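S.K.: This is final.txt (compact mmCIF, C-alpha atoms).
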```
# COMPACT_ATOMS: atom_id res chain seq x y z
CA MET A 1423 -29.36 -9.11 -47.24
CA LYS A 1424 -29.35 -8.36 -43.52
CA LYS A 1425 -28.71 -12.03 -42.70
CA TYR A 1426 -25.85 -12.08 -45.21
CA ILE A 1427 -24.18 -9.07 -43.56
CA GLN A 1428 -24.57 -10.66 -40.13
CA LEU A 1429 -23.08 -13.93 -41.37
CA LEU A 1430 -20.18 -12.08 -42.98
CA ALA A 1431 -19.48 -10.25 -39.72
CA VAL A 1432 -19.44 -13.54 -37.81
CA LEU A 1433 -17.05 -15.08 -40.35
CA ILE A 1434 -14.71 -12.08 -40.15
CA LEU A 1435 -14.75 -12.23 -36.36
CA PHE A 1436 -14.10 -15.97 -36.41
CA ALA A 1437 -11.21 -15.52 -38.84
CA SER A 1438 -9.76 -12.77 -36.67
CA CYS A 1439 -10.02 -14.93 -33.55
CA SER A 1440 -8.48 -17.85 -35.42
CA LYS A 1441 -5.48 -15.74 -36.47
CA TYR A 1442 -5.02 -14.50 -32.93
CA GLN A 1443 -5.26 -18.02 -31.48
CA LYS A 1444 -2.86 -19.28 -34.11
CA ALA A 1445 -0.39 -16.52 -33.20
CA LEU A 1446 -0.62 -17.44 -29.51
CA ASN A 1447 0.27 -21.05 -30.25
CA SER A 1448 2.85 -20.31 -32.96
CA THR A 1449 6.63 -20.02 -32.68
CA ASP A 1450 6.60 -17.54 -35.57
CA VAL A 1451 7.62 -14.23 -33.94
CA ALA A 1452 6.66 -12.25 -37.06
CA LEU A 1453 3.13 -13.62 -36.85
CA LYS A 1454 2.97 -12.84 -33.13
CA PHE A 1455 4.20 -9.29 -33.72
CA ASP A 1456 1.69 -8.72 -36.52
CA GLN A 1457 -1.25 -9.92 -34.41
CA ALA A 1458 -0.05 -8.08 -31.29
CA THR A 1459 0.19 -4.84 -33.28
CA LYS A 1460 -3.29 -5.30 -34.72
CA LYS A 1461 -4.78 -5.99 -31.29
CA TYR A 1462 -2.96 -2.96 -29.88
CA GLU A 1463 -4.21 -0.69 -32.65
CA ALA A 1464 -7.73 -2.06 -32.12
CA LYS A 1465 -7.33 -1.16 -28.40
CA LYS A 1466 -7.69 -4.79 -27.40
CA TYR A 1467 -4.86 -4.37 -24.95
CA TYR A 1468 -5.30 -7.51 -22.87
CA LYS A 1469 -5.02 -9.67 -25.97
CA ALA A 1470 -2.04 -7.67 -27.17
CA ILE A 1471 -0.35 -8.12 -23.79
CA ARG A 1472 -0.55 -11.92 -24.03
CA LEU A 1473 1.41 -11.78 -27.27
CA PHE A 1474 3.84 -9.10 -26.07
CA GLU A 1475 4.63 -11.22 -23.03
CA GLN A 1476 5.55 -14.08 -25.34
CA LEU A 1477 7.64 -11.84 -27.58
CA ALA A 1478 9.52 -9.86 -24.92
CA PRO A 1479 12.11 -12.46 -23.79
CA SER A 1480 13.47 -13.04 -27.30
CA TYR A 1481 12.71 -9.73 -29.01
CA LYS A 1482 15.44 -7.49 -27.61
CA GLY A 1483 17.91 -6.47 -30.28
CA LYS A 1484 15.52 -7.11 -33.13
CA PRO A 1485 14.76 -4.25 -35.59
CA GLN A 1486 11.20 -3.75 -34.34
CA ALA A 1487 11.98 -4.23 -30.64
CA GLU A 1488 11.70 -0.53 -29.83
CA LYS A 1489 8.20 -0.32 -31.30
CA MET A 1490 7.18 -3.57 -29.59
CA PHE A 1491 8.33 -2.56 -26.10
CA TYR A 1492 6.71 0.87 -26.50
CA MET A 1493 3.36 -0.75 -27.32
CA PHE A 1494 3.89 -3.31 -24.55
CA ALA A 1495 4.35 -0.55 -21.95
CA PHE A 1496 1.33 1.36 -23.22
CA SER A 1497 -0.81 -1.77 -23.15
CA TYR A 1498 -0.10 -2.16 -19.44
CA TYR A 1499 -0.73 1.55 -18.92
CA ASN A 1500 -4.05 1.51 -20.76
CA THR A 1501 -5.22 -1.47 -18.69
CA LYS A 1502 -4.21 0.33 -15.48
CA GLN A 1503 -1.54 -2.20 -14.58
CA TYR A 1504 0.66 0.59 -13.32
CA TYR A 1505 3.40 -1.40 -11.59
CA LEU A 1506 4.07 -3.33 -14.79
CA ALA A 1507 3.68 -0.24 -16.96
CA ALA A 1508 6.13 1.73 -14.81
CA TYR A 1509 8.68 -1.05 -15.13
CA GLN A 1510 8.26 -1.31 -18.90
CA PHE A 1511 8.44 2.45 -19.49
CA GLU A 1512 11.49 2.71 -17.26
CA SER A 1513 13.12 -0.21 -19.05
CA PHE A 1514 12.30 1.36 -22.42
CA ALA A 1515 13.89 4.69 -21.46
CA SER A 1516 17.01 2.86 -20.28
CA SER A 1517 17.24 0.50 -23.25
CA TYR A 1518 16.65 3.13 -25.95
CA PRO A 1519 18.47 6.30 -24.83
CA LYS A 1520 18.40 7.75 -28.36
CA SER A 1521 14.71 7.08 -28.95
CA GLU A 1522 12.51 10.08 -29.72
CA LYS A 1523 10.03 8.53 -27.29
CA ARG A 1524 12.46 8.31 -24.38
CA GLU A 1525 11.26 11.54 -22.74
CA GLU A 1526 7.64 10.45 -22.99
CA ALA A 1527 8.48 7.02 -21.58
CA SER A 1528 10.38 8.58 -18.67
CA PHE A 1529 7.44 10.84 -17.87
CA LEU A 1530 4.89 8.05 -18.10
CA SER A 1531 7.00 5.83 -15.87
CA ALA A 1532 6.96 8.50 -13.17
CA LYS A 1533 3.25 9.12 -13.78
CA CYS A 1534 2.54 5.42 -13.26
CA TYR A 1535 4.07 5.63 -9.80
CA SER A 1536 1.82 8.59 -9.03
CA LYS A 1537 -1.19 6.48 -10.09
CA LEU A 1538 -0.15 3.95 -7.44
CA SER A 1539 -0.16 6.59 -4.70
CA PRO A 1540 -3.02 5.72 -2.28
CA VAL A 1541 -5.42 8.00 -0.43
CA SER A 1542 -3.82 10.02 2.35
CA SER A 1543 -5.22 7.81 5.11
CA LEU A 1544 -3.10 4.85 3.95
CA ASP A 1545 0.66 4.23 4.06
CA GLN A 1546 2.44 6.68 1.76
CA VAL A 1547 5.48 4.64 0.66
CA ASP A 1548 4.29 4.72 -2.96
CA THR A 1549 3.65 8.46 -2.73
CA TYR A 1550 7.23 9.13 -1.67
CA LYS A 1551 8.48 6.89 -4.47
CA ALA A 1552 6.27 8.67 -7.01
CA LEU A 1553 7.53 12.03 -5.80
CA ASP A 1554 11.15 10.93 -6.18
CA LYS A 1555 10.53 9.54 -9.67
CA MET A 1556 8.70 12.66 -10.89
CA GLN A 1557 11.38 14.91 -9.44
CA GLU A 1558 14.03 12.87 -11.26
CA PHE A 1559 12.11 13.45 -14.50
CA ILE A 1560 11.82 17.20 -13.86
CA ASP A 1561 15.55 17.44 -13.13
CA ARG A 1562 16.45 15.48 -16.27
CA TYR A 1563 14.05 17.27 -18.63
CA PRO A 1564 13.67 20.85 -17.33
CA ASP A 1565 12.31 22.03 -20.69
CA SER A 1566 9.99 19.08 -21.24
CA GLN A 1567 6.64 19.47 -22.96
CA TYR A 1568 5.26 17.48 -20.00
CA MET A 1569 6.56 19.93 -17.41
CA GLN A 1570 3.21 21.52 -16.61
CA GLU A 1571 1.62 18.14 -15.94
CA ALA A 1572 4.69 16.93 -14.04
CA ASN A 1573 4.56 19.94 -11.72
CA ALA A 1574 0.83 19.39 -11.18
CA VAL A 1575 1.50 15.77 -10.20
CA VAL A 1576 4.23 16.85 -7.75
CA PHE A 1577 1.87 19.43 -6.26
CA ASP A 1578 -0.85 16.80 -5.72
CA LEU A 1579 1.59 14.31 -4.20
CA LYS A 1580 2.98 16.89 -1.78
CA ASN A 1581 -0.54 17.92 -0.78
CA LYS A 1582 -1.31 14.29 0.00
CA LEU A 1583 1.79 13.98 2.21
CA GLU A 1584 0.88 17.28 3.86
CA LYS A 1585 -2.64 16.07 4.66
CA LYS A 1586 -1.27 12.78 5.95
CA ALA A 1587 1.11 14.56 8.35
CA PHE A 1588 -1.65 16.87 9.57
CA ASP A 1589 -4.10 14.00 10.08
CA ILE A 1590 -1.54 12.03 12.11
CA ALA A 1591 -0.89 15.00 14.39
CA LYS A 1592 -4.60 15.66 14.81
CA GLN A 1593 -5.23 12.00 15.57
CA TYR A 1594 -2.73 12.14 18.43
CA ASN A 1595 -4.70 15.09 19.79
CA THR A 1596 -7.98 13.18 19.42
CA ILE A 1597 -6.74 10.17 21.38
CA SER A 1598 -5.29 12.45 24.09
CA ASP A 1599 -1.64 11.65 23.33
CA TYR A 1600 -0.81 15.32 23.72
CA LYS A 1601 2.99 15.02 23.81
CA SER A 1602 3.00 13.20 20.47
CA ALA A 1603 0.48 15.68 19.06
CA ILE A 1604 2.64 18.67 20.01
CA ALA A 1605 5.77 17.09 18.50
CA SER A 1606 3.86 16.12 15.34
CA PHE A 1607 2.38 19.60 14.88
CA ASP A 1608 5.85 21.12 15.37
CA ASN A 1609 7.22 18.81 12.66
CA PHE A 1610 4.26 19.56 10.40
CA LEU A 1611 4.72 23.33 10.69
CA SER A 1612 8.45 22.96 10.07
CA ASP A 1613 8.06 20.64 7.06
CA PHE A 1614 5.18 22.59 5.46
CA PRO A 1615 5.73 26.28 6.31
CA GLY A 1616 3.38 27.52 3.57
CA THR A 1617 0.58 25.08 4.31
CA PRO A 1618 -3.04 26.30 4.02
CA LEU A 1619 -3.63 24.23 7.16
CA LYS A 1620 -1.39 26.41 9.30
CA GLU A 1621 -4.23 28.05 11.24
CA GLU A 1622 -5.69 24.65 12.09
CA ALA A 1623 -2.28 23.25 13.04
CA LEU A 1624 -1.54 26.18 15.35
CA TYR A 1625 -4.94 25.87 17.01
CA TYR A 1626 -4.73 22.13 17.60
CA LYS A 1627 -1.19 22.53 18.91
CA LEU A 1628 -2.57 25.09 21.37
CA GLU A 1629 -5.33 22.68 22.34
CA SER A 1630 -2.80 19.89 22.88
CA CYS A 1631 -0.51 22.16 24.94
CA TYR A 1632 -3.47 23.35 26.99
CA ASN A 1633 -4.79 19.87 27.76
CA LEU A 1634 -1.32 18.61 28.59
CA ALA A 1635 -0.77 21.55 30.96
CA ILE A 1636 -4.02 21.49 32.92
CA ASN A 1637 -3.73 17.73 33.40
CA SER A 1638 -0.11 17.84 34.55
CA VAL A 1639 1.33 17.10 37.94
CA PHE A 1640 2.07 20.28 39.85
CA GLN A 1641 5.84 20.09 39.30
CA LYS A 1642 5.45 20.24 35.50
CA MET A 1643 2.42 22.51 35.28
CA GLU A 1644 4.08 25.95 35.24
CA GLU A 1645 6.36 25.15 32.31
CA ARG A 1646 3.55 23.52 30.35
CA LEU A 1647 1.17 26.41 31.00
CA SER A 1648 3.84 28.79 29.70
CA ASN A 1649 4.21 26.62 26.59
CA ALA A 1650 0.45 26.72 26.09
CA LYS A 1651 0.45 30.51 26.36
CA THR A 1652 3.21 30.67 23.75
CA ALA A 1653 1.08 28.43 21.51
CA TYR A 1654 -1.83 30.86 21.96
CA ASN A 1655 0.36 33.84 21.06
CA ASN A 1656 1.62 32.05 17.94
CA LEU A 1657 -1.94 31.43 16.80
CA VAL A 1658 -3.19 35.00 17.23
CA LYS A 1659 0.06 36.39 15.82
CA PHE A 1660 -0.49 34.35 12.67
CA LYS A 1661 -4.17 35.31 12.44
CA ALA A 1662 -5.60 37.81 14.91
CA ASP A 1663 -9.18 37.12 13.79
CA THR A 1664 -8.79 33.35 13.75
CA LYS A 1665 -12.01 31.36 13.58
CA TYR A 1666 -10.84 29.66 16.78
CA LYS A 1667 -10.55 32.96 18.69
CA GLU A 1668 -13.40 32.32 21.13
CA LYS A 1669 -12.14 28.88 22.12
CA ALA A 1670 -8.54 30.07 22.24
CA ASP A 1671 -9.47 33.01 24.52
CA GLN A 1672 -11.27 30.65 26.87
CA MET A 1673 -8.15 28.51 27.11
CA LEU A 1674 -6.00 31.60 27.67
CA ALA A 1675 -8.19 32.71 30.56
CA ARG A 1676 -7.72 29.34 32.26
CA ILE A 1677 -3.97 29.39 31.51
CA ASP A 1678 -3.52 32.87 33.04
CA LYS A 1679 -5.62 31.92 36.06
CA ASP A 1680 -3.58 28.77 36.73
CA LEU A 1681 -0.29 30.61 36.23
CA GLN A 1682 -1.17 33.05 39.01
CA GLN A 1683 -0.50 30.40 41.64
CA PHE A 1684 3.13 30.32 40.55
CA SER A 1685 3.65 34.09 40.90
CA LYS A 1686 2.87 34.23 44.60
```
Let me see the file written as structure tokens.
M.R.:
Amino acid sequence: MKKYIQLLAVLILFASCSKYQKALNSTDVALKFDQATKKYEAKKYYKAIRLFEQLAPSYKGKPQAEKMFYMFAFSYYNTKQYYLAAYQFESFASSYPKSEKREEASFLSAKCYSKLSPVSSLDQVDTYKALDKMQEFIDRYPDSQYMQEANAVVFDLKNKLEKKAFDIAKQYNTISDYKSAIASFDNFLSDFPGTPLKEEALYYKLESCYNLAINSVFQKMEERLSNAKTAYNNLVKFKADTKYKEKADQMLARIDKDLQQFSK
């Protein structure tokens, strides 16, 4: 009995594979659609994709095209082919403006772009694109059922850009390019006024101003020392008990000492 069941399972599998292979090699679009749908519903997305790719060029305008392109987009999405999924969802939303699935497709298109956003240490072109796409969705569907998730995605993308900007500024400080560090920290504080990294940014700006000042030629030292003192004041004004207080006070003592030579 057990051998019979195993044999039956093999025969069913063989028949299924034969139908799929036949659909791949057939010009019968109905057969292709039937097999593609079955593979999709069985979550065999890669196999479904092969058939959808064959159907797509000639299927537009057909009665079941909307269903086919929806499954096609989701097959790419479920196999993490996010560039292709984003394109298909975007195309679906554009091609079927009256579809009840248009809002979902628009959201998933934007979400695909967010999936392509790399870690903050890499180039953030895809992050900016994802942010634009998700913002477009939010503007178009302000009452969407996906709004909570959309806002969470935007929050994460902005945090990534924020960390990237901070890391760039800090890197300039690390390699002793103090002028670039100061400019980058100024831009960071301007672009992200509510950042949780503000204390760190103010401290490292102070450090950059301080190092630039004490290593300056005499003609530029007074102005740069004054800028460093302003950076110190901005830090302690923001947070009087800053965790960097001891280091900051040490820098201030040197700044005040060096400024004395210009008051004589």
S.K.: Kindly indicate which residue among A:Glu1644, A:Tyr1509, A:Tyr1504, A:Val1639 lies nearest to A:Ser1685, using all atoms listed in the file for the distances.
M.R.: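 Using all atoms listed in the file, the shortest distance to A:Ser1685 belongs to A:Glu1644.
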S.K.: When distances are computed from all atoms listed in the file, which of A:Ser1648, A:Ser1528, A:Gln1503, A:Gln1510 shows the smallest separation from A:Ser1566?
M.R.: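 Result for the nearest residue to A:Ser1566: A:Ser1528.
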S.K.: Find the spatial neighbours of A:Ser1606, counting all atoms listed in the file, within a cut-off of 9 Å - ignore same-chain residues fewer than 6 positions away - and output them as an MDAnalysis selection string.
M.R.: chainID A and resid 1587:1588 1590:1592 1594 1627
S.K.: Measuring atom to atom with only C-alpha atoms, identify which of A:Asn1500, A:Gln1683, A:Gly1483, A:Ala1552 is nearest to A:Ser1517.
M.R.: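 The answer is A:Gly1483, which sits nearest to A:Ser1517.
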S.K.: In terms of the shortest atom-to-atom distance over all atoms listed in the file, which of A:Tyr1481, A:Phe1660, A:Tyr1462, A:Phe1684 is closest to A:Asp1450?
M.R.: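 Selected residue with least distance to A:Asp1450: A:Tyr1481.
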S.K.: Env of A:Lys1555: 9 Å cut, atoms = only C-alpha atoms, seq-sep filter 3 positions within chain, self excluded. Answer as a VMD selection string.
M.R.: chain A and resid 1529 1531 to 1533 1535 to 1536 1550 to 1552 1558 to 1560
S.K.: Write out as JSON, numbers by chain each polymer residue whose atoms come within 10 Å of A:Phe1610, counting all atoms listed in the file; drop sequence neighbours fewer than 5 positions from it.
M.R.: {"A": [1584, 1585, 1586, 1587, 1588, 1590, 1591, 1604, 1605, 1615, 1617, 1619, 1620, 1623]}
S.K.: Give the centre and edge lengths of an axis-aligned box, in Å to one decimal, that holds all listed atoms of stretch 1654-1661 of chain A with 3 Å on each side, as JSON.
M.R.:
```
{"center_x": -1.3, "center_y": 33.6, "center_z": 17.2, "size_x": 11.8, "size_y": 11.5, "size_z": 15.5}
```
S.K.: In Å, with one decimal, what is the gap from atom CA of A:Asp1456 to atom CA of A:Glu1525?
M.R.: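 Distance between the two atoms: 26.3 Å.
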